[in-house]
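Take a look at the structure set out below.
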Amino acid sequence: MRVHVLQLAYGDDEPVAERVRRAAALVAGQSGADLVVLPELWAPTGFGYRGWAQAAESLRGPTVTAICEAAQQVGAYVHAGSIIESATEDEDQGPQGRGRWNTSVLIGPDGLPMVSYRKVHRFGFAAGEPDLIEAGTELVTAGLSVADGHVTAGLATCYDLRFPELFRGLTDQGAELFIVPAAWPAARVEHWRLLGRARAVENQAVVIQCNTAGTHAGTRMGGHSQVVAATGEVLAEAGDDETVLVADIDLAAAAEYRESFPVLADRRL
Ligand SMILES: NC(=O)CCC(=O)C(=O)O
């Protein structure tokens with residue numbers, strides 16, 4: 001299974017509509033990929049909190065629509081990263097009544113959305129996400145069928161990486177591969193690298209991490225997107241700048257590894 005991880009760089013001066021066009025064209029150009037992955041909140045920006053209300057959109061809004069069209073053009077699964085999802089007035093607004101979530105979307109090769117995941121762990125402590133959006137409550141998995149097999153993917157977003165119980169929950173739902181888009185700052189990039197490998201090793205699962213590059217809202221992003229095998233081996237890792245990171249994942253080897261070293265069977269609950 002070939003994955004193309006699109007580590008986008010952006011600053012404060014690129015208009016959102018222009019970035020959506022740029023990202024959609026980049027996705028559409030990823031021929032040969034089985035799965036293309038974008039970062040967290042790449043359109044509204046990960047730390048540009050003041051612009052989130054204006055940038056909020058539904059799952060049928062311009063960002064997801066543009067990436068669905070690109071997915072159909074390239075004929076690959078596309079993880080569209082995340083958007084600030086807004087509920088319409090007649091929809092449930094969430095327990096805090098904010099009607100907004102940090103929501104990622106997985107799109108099929110036919111260009112149709114398959115599943116969406118609302119980020120469970122909100123980053124920012126008393127400010128940022130906990131102040132502006134609702135927390136998701138559901139774990140989300142989806143089956144991907146590619147030329148060399150079938151794999152169940154579990155979705156998580158950025159700060160979720162610090163919460164191993166979420167990944168174990170996804171493993172319990174059958175996930176053998178995790179897709180983690182992020183806007184993770186350079187200041188803590190070693191945590192990002194280490195936690196991705198930790199989630200891979202403890203769950204014997206492939207981890208695909210797509211981070212952001214560049215500096216926006218005064219925060220330098222960490223880059224270093226990576227694809228980690230179920231053994232914990234780093235198959236590919238990006239540097240600090242905008243990069244298309246390509247990695248080949250051996251799905252059969254991951255399944256064999258779980259069978260030959262069946263650590264998960266020794267859990268005591
Ligand atoms: N966007 C995020 O969730 C940032 C997470 C982060 O900076 C951290 O966990 O550290």
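Residue names in the structure tokens use chain letters A, B, ... in the order shown, residue numbers from 1 in each chain, and ligand numbers from 1 in the order shown.
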Would you pick out the contacts of Val27 in chain A at 9 Å or less, using only C-alpha atoms, so that residues sharing its chain but fewer than 5 positions from it are not included, and give the list as a list in words? Leu6, Arg22, Val36, Val37, Leu38, Ile67, Ala70, Ala71, Gln73, Val74 and Val78 of chain A
Quick one: residues within 6 Å of range 231-238 of chain A, only C-alpha atoms, excluding same-chain residues fewer than 3 positions away - as a ChimeraX atom specification? /A:197,200-201,224-228
For those residues, write C-alpha atoms to a file as an mmCIF file, in the first residue's frame.
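Output file result_12.cif follows:
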```
data_model
loop_
_atom_site.group_PDB
_atom_site.id
_atom_site.type_symbol
_atom_site.label_atom_id
_atom_site.label_comp_id
_atom_site.auth_asym_id
_atom_site.auth_seq_id
_atom_site.Cartn_x
_atom_site.Cartn_y
_atom_site.Cartn_z
ATOM 1 C CA ARG A 197 6.420 5.237 17.442
ATOM 2 C CA ALA A 200 2.780 1.861 16.756
ATOM 3 C CA VAL A 201 4.737 -0.431 19.093
ATOM 4 C CA HIS A 224 8.665 15.663 10.627
ATOM 5 C CA SER A 225 5.655 13.787 9.325
ATOM 6 C CA GLN A 226 6.390 10.099 9.519
ATOM 7 C CA VAL A 227 5.172 6.652 8.560
ATOM 8 C CA VAL A 228 5.905 4.036 11.204
#
```
Please compute the CA of Asp148 in chain A-CA of Ala76 in chain A distance, one decimal, in Å.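 These two atoms are separated by 13.9 Å.
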If we count only C-alpha atoms and set the cut-off at 8 Å, which residues sit around range 131-145 of chain A, ignoring sequence neighbours fewer than 3 positions away in its own chain? Please answer as a PyMOL selection string. chain A and resi 77+94-102+114-122+126-128+149-155+166+169-170+173-175
Go ahead and save the picked residues with N, CA and C atoms, as a CSV table (one decimal), in the first residue's frame.
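Contents of result-v3.csv, freshly written:
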```csv
chain,number,residue,atom,x,y,z
A,77,TYR,N,-7.8,6.8,-2.0
A,77,TYR,CA,-8.4,7.2,-0.7
A,77,TYR,C,-7.7,8.5,-0.3
A,94,GLY,N,-24.0,20.3,20.3
A,94,GLY,CA,-23.1,19.7,21.3
A,94,GLY,C,-23.4,20.2,22.7
A,95,PRO,N,-22.9,19.6,23.7
A,95,PRO,CA,-23.3,19.9,25.1
A,95,PRO,C,-22.9,21.3,25.5
A,96,GLN,N,-21.9,21.9,24.9
A,96,GLN,CA,-21.6,23.3,25.3
A,96,GLN,C,-22.2,24.3,24.3
A,97,GLY,N,-23.0,23.8,23.4
A,97,GLY,CA,-23.8,24.7,22.5
A,97,GLY,C,-23.0,25.5,21.5
A,98,ARG,N,-21.8,25.0,21.2
A,98,ARG,CA,-20.9,25.8,20.3
A,98,ARG,C,-21.2,25.5,18.8
A,99,GLY,N,-21.6,24.3,18.6
A,99,GLY,CA,-21.9,23.9,17.2
A,99,GLY,C,-20.7,23.8,16.3
A,100,ARG,N,-19.5,23.6,16.9
A,100,ARG,CA,-18.3,23.5,16.0
A,100,ARG,C,-17.4,22.4,16.6
A,101,TRP,N,-16.8,21.7,15.7
A,101,TRP,CA,-15.9,20.6,16.0
A,101,TRP,C,-14.6,20.7,15.1
A,102,ASN,N,-13.5,20.1,15.5
A,102,ASN,CA,-12.4,19.9,14.7
A,102,ASN,C,-12.5,18.5,14.1
A,114,MET,N,-16.4,8.9,3.3
A,114,MET,CA,-16.7,7.6,3.9
A,114,MET,C,-17.0,7.7,5.3
A,115,VAL,N,-16.2,8.4,6.1
A,115,VAL,CA,-16.4,8.6,7.5
A,115,VAL,C,-15.8,10.0,7.9
A,116,SER,N,-16.3,10.5,9.0
A,116,SER,CA,-15.7,11.7,9.6
A,116,SER,C,-15.5,11.4,11.1
A,117,TYR,N,-14.5,12.1,11.6
A,117,TYR,CA,-14.1,11.9,13.0
A,117,TYR,C,-13.9,13.3,13.7
A,118,ARG,N,-14.6,13.5,14.8
A,118,ARG,CA,-14.5,14.8,15.6
A,118,ARG,C,-13.5,14.6,16.7
A,119,LYS,N,-12.4,15.4,16.6
A,119,LYS,CA,-11.3,15.3,17.6
A,119,LYS,C,-11.8,15.2,19.0
A,120,VAL,N,-11.4,14.1,19.7
A,120,VAL,CA,-11.9,13.9,21.1
A,120,VAL,C,-11.1,14.7,22.1
A,121,HIS,N,-9.8,14.8,22.0
A,121,HIS,CA,-9.0,15.6,23.0
A,121,HIS,C,-8.7,17.0,22.4
A,122,ARG,N,-9.2,18.0,23.0
A,122,ARG,CA,-9.0,19.4,22.5
A,122,ARG,C,-7.8,20.0,23.1
A,126,ALA,N,-7.1,25.9,29.0
A,126,ALA,CA,-8.3,26.8,29.2
A,126,ALA,C,-8.6,27.6,27.9
A,127,ALA,N,-7.7,27.7,27.0
A,127,ALA,CA,-8.0,28.6,25.8
A,127,ALA,C,-8.0,27.7,24.6
A,128,GLY,N,-8.0,28.3,23.4
A,128,GLY,CA,-7.9,27.5,22.1
A,128,GLY,C,-9.1,26.6,22.0
A,149,GLY,N,-4.3,-5.7,-0.5
A,149,GLY,CA,-5.1,-6.3,0.7
A,149,GLY,C,-6.1,-5.3,1.2
A,150,HIS,N,-6.6,-5.6,2.4
A,150,HIS,CA,-7.6,-4.8,3.1
A,150,HIS,C,-7.0,-4.5,4.4
A,151,VAL,N,-7.3,-3.2,4.9
A,151,VAL,CA,-6.8,-2.8,6.2
A,151,VAL,C,-7.9,-2.0,6.9
A,152,THR,N,-8.0,-2.1,8.2
A,152,THR,CA,-8.9,-1.3,8.9
A,152,THR,C,-8.1,-0.1,9.5
A,153,ALA,N,-8.5,1.1,9.2
A,153,ALA,CA,-7.8,2.3,9.6
A,153,ALA,C,-8.6,3.0,10.8
A,154,GLY,N,-7.9,3.4,11.8
A,154,GLY,CA,-8.5,4.2,12.9
A,154,GLY,C,-8.1,5.6,12.8
A,155,LEU,N,-9.0,6.5,13.1
A,155,LEU,CA,-8.7,8.0,12.9
A,155,LEU,C,-8.4,8.6,14.3
A,166,LEU,N,-7.1,6.1,23.6
A,166,LEU,CA,-7.9,6.2,22.4
A,166,LEU,C,-7.5,5.3,21.3
A,169,GLY,N,-8.5,1.8,22.2
A,169,GLY,CA,-9.9,1.6,21.8
A,169,GLY,C,-10.1,1.4,20.3
A,170,LEU,N,-9.3,2.1,19.5
A,170,LEU,CA,-9.4,1.9,18.0
A,170,LEU,C,-8.9,0.4,17.7
A,173,GLN,N,-11.4,-2.0,18.2
A,173,GLN,CA,-12.4,-2.0,17.1
A,173,GLN,C,-11.9,-2.5,15.8
A,174,GLY,N,-10.6,-3.1,15.9
A,174,GLY,CA,-10.1,-3.7,14.7
A,174,GLY,C,-9.1,-2.9,13.9
A,175,ALA,N,-8.7,-1.7,14.4
A,175,ALA,CA,-7.8,-0.9,13.6
A,175,ALA,C,-6.4,-1.5,13.6
```
Within 10 Å of Gly48 in chain A, counting only C-alpha atoms, which residues qualify if same-chain residues fewer than 6 places away don't, as a list in words?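 Non-adjacent residues within range: Asp12, Leu41, Gly128, His216, Ala217, Gly218 and Thr219 of chain A.
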Kindly work out which residues sit at most 9 Å from ligand 1, using only C-alpha atoms and all ligand atoms, and give the list as a PDB file with C-alpha atoms, in the first residue's frame.
```
ATOM      1  CA  GLU A  40      -5.003  18.985  10.599  1.00  0.00           C
ATOM      2  CA  LEU A  41      -6.844  22.291   9.981  1.00  0.00           C
ATOM      3  CA  GLY A  46      -4.173  25.093  13.312  1.00  0.00           C
ATOM      4  CA  PHE A  47      -3.442  27.990  15.675  1.00  0.00           C
ATOM      5  CA  LYS A 119     -11.311  15.254  17.559  1.00  0.00           C
ATOM      6  CA  HIS A 121      -9.020  15.592  22.959  1.00  0.00           C
ATOM      7  CA  ARG A 122      -9.037  19.377  22.518  1.00  0.00           C
ATOM      8  CA  PHE A 123      -5.685  21.149  22.745  1.00  0.00           C
ATOM      9  CA  GLY A 124      -5.116  24.480  24.491  1.00  0.00           C
ATOM     10  CA  GLU A 129      -9.884  24.389  21.294  1.00  0.00           C
ATOM     11  CA  THR A 157      -6.032  13.964  15.374  1.00  0.00           C
ATOM     12  CA  CYS A 158      -2.867  15.654  16.683  1.00  0.00           C
ATOM     13  CA  TYR A 159      -3.175  16.055  20.502  1.00  0.00           C
ATOM     14  CA  ASP A 160      -5.030  12.691  20.592  1.00  0.00           C
ATOM     15  CA  LEU A 161      -1.582  11.139  20.109  1.00  0.00           C
ATOM     16  CA  ARG A 162      -0.883  11.802  23.807  1.00  0.00           C
ATOM     17  CA  ALA A 182      -1.645  17.366  12.962  1.00  0.00           C
ATOM     18  CA  ALA A 183      -0.658  20.994  13.463  1.00  0.00           C
ATOM     19  CA  TRP A 184       2.066  20.104  15.974  1.00  0.00           C
ATOM     20  CA  PRO A 185       4.527  22.855  16.912  1.00  0.00           C
ATOM     21  CA  ALA A 186       8.297  22.635  16.469  1.00  0.00           C
ATOM     22  CA  ALA A 187       8.751  23.267  20.201  1.00  0.00           C
ATOM     23  CA  ARG A 188       7.513  19.729  20.977  1.00  0.00           C
ATOM     24  CA  VAL A 189       8.410  17.880  17.791  1.00  0.00           C
ATOM     25  CA  HIS A 191       7.174  14.261  21.507  1.00  0.00           C
ATOM     26  CA  TRP A 192       5.455  13.937  18.104  1.00  0.00           C
TER      27      TRP A 192
END
```
For a test of reading the model, state the distance in Å between CA of Pro130 in chain A and CA of Thr88 in chain A, rounded to one decimal.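 Going from CA of Pro130 in chain A over to CA of Thr88 in chain A covers 20.4 Å.
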